[in-house]
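Trainee: Got a structure here, written out as structure tokens. Questions coming.
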Amino acid sequence: MESAILSSFRAGIVAVSMDGTIAYINPIGKRILSGCSLNAGENIHPRAGENIFFRVLSEAVALHYLPTRVEVELPGRDGDRQYLGFTLSEFKEGEKRVGICAFFKDLTQVEMAEENEDLNRRLLLLGQMAAGLAHEIRNPMASIGVHCSLLKHHLSQNEKLLSSVTMIAREIEKVEYIIRECLNFVRPAELGVRNIQVDKLVAGILERFISLNPVMEFTMRKQEGVLLESEADAGLLEQAINNIISNAVDVCEKKGKVEISLGISRHFSELMRLGRNVDPIVHGHSGKEAEFIRITIRDHGPGIPVEIQDKIFVPFFTTKKTGTGLGLPIAQKIIHAHGGVLDLKSVPGKGTDFIIKIPVRQTSG
Ligand SMILES: Nc1ncnc2c1ncn2[C@@H]1O[C@H](COP(=O)(O)OP(=O)(O)OP(=O)(O)O)[C@@H](O)[C@H]1O
Ligand SMILES: [Mg+2]
């Protein structure tokens with residue numbers, strides 16, 4: 001009876017005896033920790049370095065006061081993050097502590113949904129503001145553009161002035177580009193989906209990068225024996241991938257290596273965590289683990305400091321002199337519109353992986 005209750009408990013339970021041996025772990029606990037498998041009988045101390053949860057378990061046996069209601073972040077599968085919430089208590093025989101017990105829950109979906117909701121709220125406000133601003137700026141810009149063209153005609157004899165006016169016209173084009181991209185970002189994405197082979201699309205994109213950056217090395221690796229077909233808007237998906245590869249090229253300062261790998265990933269929690277049903281492909285999902293096409297774009301640049309990782313998807317955030325800061329937000333918006341996710345894994349000093357996942361084509365209709 002006791003063991004039936006423990007096995008069906010909806011939270012993870014792990015008991016550690018005073019010498020660090022895992023005395024018990026219930027099935028749901030094993031499932032939550034499937035990314036770093038933990039079994040009864042093994043010792044927690046040698047595994048303390050693997051993640052913060054294991055470190056807390058290892059150190060807690062010797063702690064006088066045990067922490068309660070703690071949330072930690074663990075590295076999860078495929079470069080994702082996993083959030084655990086736990087509470088610790090001691091278990092005793094008589095007055096003597098014989099071990100500690102952790103009750104834990106996977107908070108990943110809750111955390112991610114909150115993060116997403118918060119971002120969406122900010123984006124909505126920003127979107128309304130940007131659309132208003134863009135509208136107001138567009139007309140005077142167009143008027144300056146027309147006057148520049150008129151001036152150019154009159155200044156054909158004066159090289160210096162002509163070059164100044166040409167410069168003004170070029171800057172206006174830049175402002176117009178920013179306004180256009182900004183409005184594109186604010187408007188909901190309308191997808192013209194068709195069946196595409198993602199590896200072919202990526203190969204085409206790479207060809208262009210190779211011809212534009214002959215000093216760099218671009219490699220593409222595909223998981224063997226899988227079909228990488230998706231219902232996608234080829235033009236938009238290409239734009240998203242382009243934006244991410246462009247960033248990789250920028251950080252390599254136009255030399256170095258960018259590696260792209262393609263494969264299939266199974267991950268359902270990501271759809272749950274976004275809590276969206278914006279996309280007809282995902283709508284009515286069966287609730288089973290879904291199959292995603294995974295495109296990983298790896299560079300060996302300086303990496304992205306942890307403190308700015310949250311900001312890089314915010315429109316207009318840039319660390320570049322001539323950047324607009326719209327590349328990643330646009331890429332993310334396009335991928336979300338496809339029912340996918342964009343994640344990143346970055347090691348400062350070593351490089352960055354951007355991981356795109358979009359649902360594979362559902363053959364059953
Ligand atoms: N692969 C990468 N390695 C390191 N930092 C990166 C990488 N990709 C993006 N970043 C950081 O994220 C910021 C935002 O990127 P994003 O593509 O949105 O804008 P941008 O590249 O600055 O400008 P643009 O609008 O021209 O793309 C960059 O300025 C850079 O600081
Ligand atoms: Mg960019």
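How things are named: the first chain in the structure tokens is A, the next is B, and so on; residues count from 1 in each chain; ligands count from 1 in the order shown.
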Give the residue list for ligand 2 at 6 Å, counting only C-alpha atoms and all ligand atoms, as a ChimeraX atom specification, sorted by chain and then by residue number.
Mentor: /A:243,247,327
Trainee: Include all heavy atoms and write out the residues we just selected as a PDB file, in the first residue's frame.
Mentor:
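Contents of result_11.pdb, as written:
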ATOM      1  N   ASN A 243      18.781  35.203 -41.291  1.00  0.00           N
ATOM      2  CA  ASN A 243      19.095  36.142 -40.214  1.00  0.00           C
ATOM      3  C   ASN A 243      20.051  35.508 -39.208  1.00  0.00           C
ATOM      4  O   ASN A 243      20.961  36.158 -38.701  1.00  0.00           O
ATOM      5  CB  ASN A 243      17.821  36.590 -39.497  1.00  0.00           C
ATOM      6  CG  ASN A 243      16.962  37.496 -40.368  1.00  0.00           C
ATOM      7  OD1 ASN A 243      17.329  37.813 -41.484  1.00  0.00           O
ATOM      8  ND2 ASN A 243      15.810  37.896 -39.852  1.00  0.00           N
ATOM      9  N   ASN A 247      24.141  36.434 -38.503  1.00  0.00           N
ATOM     10  CA  ASN A 247      24.733  36.755 -37.202  1.00  0.00           C
ATOM     11  C   ASN A 247      25.986  35.917 -36.962  1.00  0.00           C
ATOM     12  O   ASN A 247      26.988  36.411 -36.438  1.00  0.00           O
ATOM     13  CB  ASN A 247      23.730  36.483 -36.075  1.00  0.00           C
ATOM     14  CG  ASN A 247      22.656  37.547 -36.009  1.00  0.00           C
ATOM     15  OD1 ASN A 247      22.809  38.627 -36.562  1.00  0.00           O
ATOM     16  ND2 ASN A 247      21.566  37.230 -35.348  1.00  0.00           N
ATOM     17  N   GLY A 327      16.940  41.256 -36.584  1.00  0.00           N
ATOM     18  CA  GLY A 327      17.182  39.937 -37.190  1.00  0.00           C
ATOM     19  C   GLY A 327      16.598  38.792 -36.376  1.00  0.00           C
ATOM     20  O   GLY A 327      15.824  37.973 -36.887  1.00  0.00           O
TER      21      GLY A 327
END
Trainee: Using the chain letters and numbers from this document, which residues of range 99-143 of chain A does DSSP assign to strand (DSSP E or B), as a ChimeraX atom specification?
Mentor: /A:99-106
Trainee: Can you list, as an NGL selection string, every protein, DNA or RNA residue that comes within 8 Å of range 134-146 of chain A when you count only C-alpha atoms, leaving out same-chain residues fewer than 3 positions away?
Mentor: :A and (130-131 or 149-150 or 169 or 172 or 176 or 179 or 182-183)
Trainee: Quick one: write out the picked residues with all heavy atoms as a PDB file, in the first residue's frame?
Mentor:
ATOM      1  N   ALA A 130       5.307  51.148 -32.229  1.00  0.00           N
ATOM      2  CA  ALA A 130       6.133  51.164 -33.438  1.00  0.00           C
ATOM      3  C   ALA A 130       5.290  51.449 -34.673  1.00  0.00           C
ATOM      4  O   ALA A 130       5.695  52.210 -35.560  1.00  0.00           O
ATOM      5  CB  ALA A 130       6.864  49.834 -33.587  1.00  0.00           C
ATOM      6  N   ALA A 131       4.095  50.845 -34.727  1.00  0.00           N
ATOM      7  CA  ALA A 131       3.247  51.039 -35.899  1.00  0.00           C
ATOM      8  C   ALA A 131       2.861  52.512 -36.017  1.00  0.00           C
ATOM      9  O   ALA A 131       2.889  53.096 -37.105  1.00  0.00           O
ATOM     10  CB  ALA A 131       1.998  50.167 -35.800  1.00  0.00           C
ATOM     11  N   SER A 149      15.733  63.661 -54.902  1.00  0.00           N
ATOM     12  CA  SER A 149      15.800  63.352 -56.341  1.00  0.00           C
ATOM     13  C   SER A 149      15.791  64.637 -57.156  1.00  0.00           C
ATOM     14  O   SER A 149      16.551  64.777 -58.127  1.00  0.00           O
ATOM     15  CB  SER A 149      14.606  62.510 -56.774  1.00  0.00           C
ATOM     16  OG  SER A 149      14.492  61.415 -55.976  1.00  0.00           O
ATOM     17  N   LEU A 150      14.934  65.598 -56.752  1.00  0.00           N
ATOM     18  CA  LEU A 150      14.876  66.870 -57.477  1.00  0.00           C
ATOM     19  C   LEU A 150      16.217  67.580 -57.418  1.00  0.00           C
ATOM     20  O   LEU A 150      16.744  68.067 -58.430  1.00  0.00           O
ATOM     21  CB  LEU A 150      13.790  67.776 -56.877  1.00  0.00           C
ATOM     22  CG  LEU A 150      12.342  67.371 -57.137  1.00  0.00           C
ATOM     23  CD1 LEU A 150      11.390  68.271 -56.369  1.00  0.00           C
ATOM     24  CD2 LEU A 150      12.056  67.437 -58.644  1.00  0.00           C
ATOM     25  N   ALA A 169      20.142  60.442 -49.543  1.00  0.00           N
ATOM     26  CA  ALA A 169      19.176  59.505 -50.138  1.00  0.00           C
ATOM     27  C   ALA A 169      19.429  58.084 -49.615  1.00  0.00           C
ATOM     28  O   ALA A 169      18.489  57.334 -49.335  1.00  0.00           O
ATOM     29  CB  ALA A 169      19.276  59.556 -51.651  1.00  0.00           C
ATOM     30  N   ILE A 172      18.125  57.700 -46.169  1.00  0.00           N
ATOM     31  CA  ILE A 172      16.653  57.612 -46.179  1.00  0.00           C
ATOM     32  C   ILE A 172      16.215  56.185 -46.511  1.00  0.00           C
ATOM     33  O   ILE A 172      15.307  55.638 -45.893  1.00  0.00           O
ATOM     34  CB  ILE A 172      16.051  58.606 -47.193  1.00  0.00           C
ATOM     35  CG1 ILE A 172      16.225  60.021 -46.656  1.00  0.00           C
ATOM     36  CG2 ILE A 172      14.567  58.333 -47.432  1.00  0.00           C
ATOM     37  CD1 ILE A 172      15.880  61.077 -47.659  1.00  0.00           C
ATOM     38  N   GLU A 176      13.845  53.791 -44.358  1.00  0.00           N
ATOM     39  CA  GLU A 176      12.668  53.128 -44.937  1.00  0.00           C
ATOM     40  C   GLU A 176      12.723  51.615 -44.730  1.00  0.00           C
ATOM     41  O   GLU A 176      11.718  50.971 -44.451  1.00  0.00           O
ATOM     42  CB  GLU A 176      12.537  53.467 -46.422  1.00  0.00           C
ATOM     43  CG  GLU A 176      11.789  54.783 -46.592  1.00  0.00           C
ATOM     44  CD  GLU A 176      11.841  55.327 -47.997  1.00  0.00           C
ATOM     45  OE1 GLU A 176      12.560  54.755 -48.856  1.00  0.00           O
ATOM     46  OE2 GLU A 176      11.185  56.365 -48.235  1.00  0.00           O
ATOM     47  N   ILE A 179      11.769  50.905 -41.171  1.00  0.00           N
ATOM     48  CA  ILE A 179      10.317  51.054 -40.984  1.00  0.00           C
ATOM     49  C   ILE A 179       9.573  49.842 -41.566  1.00  0.00           C
ATOM     50  O   ILE A 179       8.679  49.278 -40.948  1.00  0.00           O
ATOM     51  CB  ILE A 179       9.808  52.357 -41.629  1.00  0.00           C
ATOM     52  CG1 ILE A 179      10.366  53.557 -40.857  1.00  0.00           C
ATOM     53  CG2 ILE A 179       8.281  52.411 -41.647  1.00  0.00           C
ATOM     54  CD1 ILE A 179      10.029  54.895 -41.473  1.00  0.00           C
ATOM     55  N   CYS A 182      10.144  46.848 -39.472  1.00  0.00           N
ATOM     56  CA  CYS A 182       9.461  47.043 -38.203  1.00  0.00           C
ATOM     57  C   CYS A 182       7.969  46.750 -38.365  1.00  0.00           C
ATOM     58  O   CYS A 182       7.359  46.041 -37.561  1.00  0.00           O
ATOM     59  CB  CYS A 182       9.718  48.475 -37.777  1.00  0.00           C
ATOM     60  SG  CYS A 182       9.042  48.878 -36.232  1.00  0.00           S
ATOM     61  N   LEU A 183       7.377  47.261 -39.442  1.00  0.00           N
ATOM     62  CA  LEU A 183       5.953  47.009 -39.681  1.00  0.00           C
ATOM     63  C   LEU A 183       5.702  45.532 -39.968  1.00  0.00           C
ATOM     64  O   LEU A 183       4.723  44.960 -39.506  1.00  0.00           O
ATOM     65  CB  LEU A 183       5.435  47.877 -40.836  1.00  0.00           C
ATOM     66  CG  LEU A 183       5.249  49.355 -40.480  1.00  0.00           C
ATOM     67  CD1 LEU A 183       4.877  50.155 -41.711  1.00  0.00           C
ATOM     68  CD2 LEU A 183       4.182  49.541 -39.402  1.00  0.00           C
TER      69      LEU A 183
END
Trainee: Can you tell me which residues sit at most 10 Å away from ligand 1, counting only C-alpha atoms and all ligand atoms, written as a PyMOL selection string?
Mentor: chain A and resi 178+181+240+242-252+258+297-305+308-332+344-354
Trainee: Could you check the closest approach to Glu291 in chain A for each of A:Ile32, A:Ile334, A:Ile260, A:Val226 and tell me which residue wins, using only C-alpha atoms?
Mentor: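 Using only C-alpha atoms, the shortest distance to Glu291 in chain A belongs to A:Val226.
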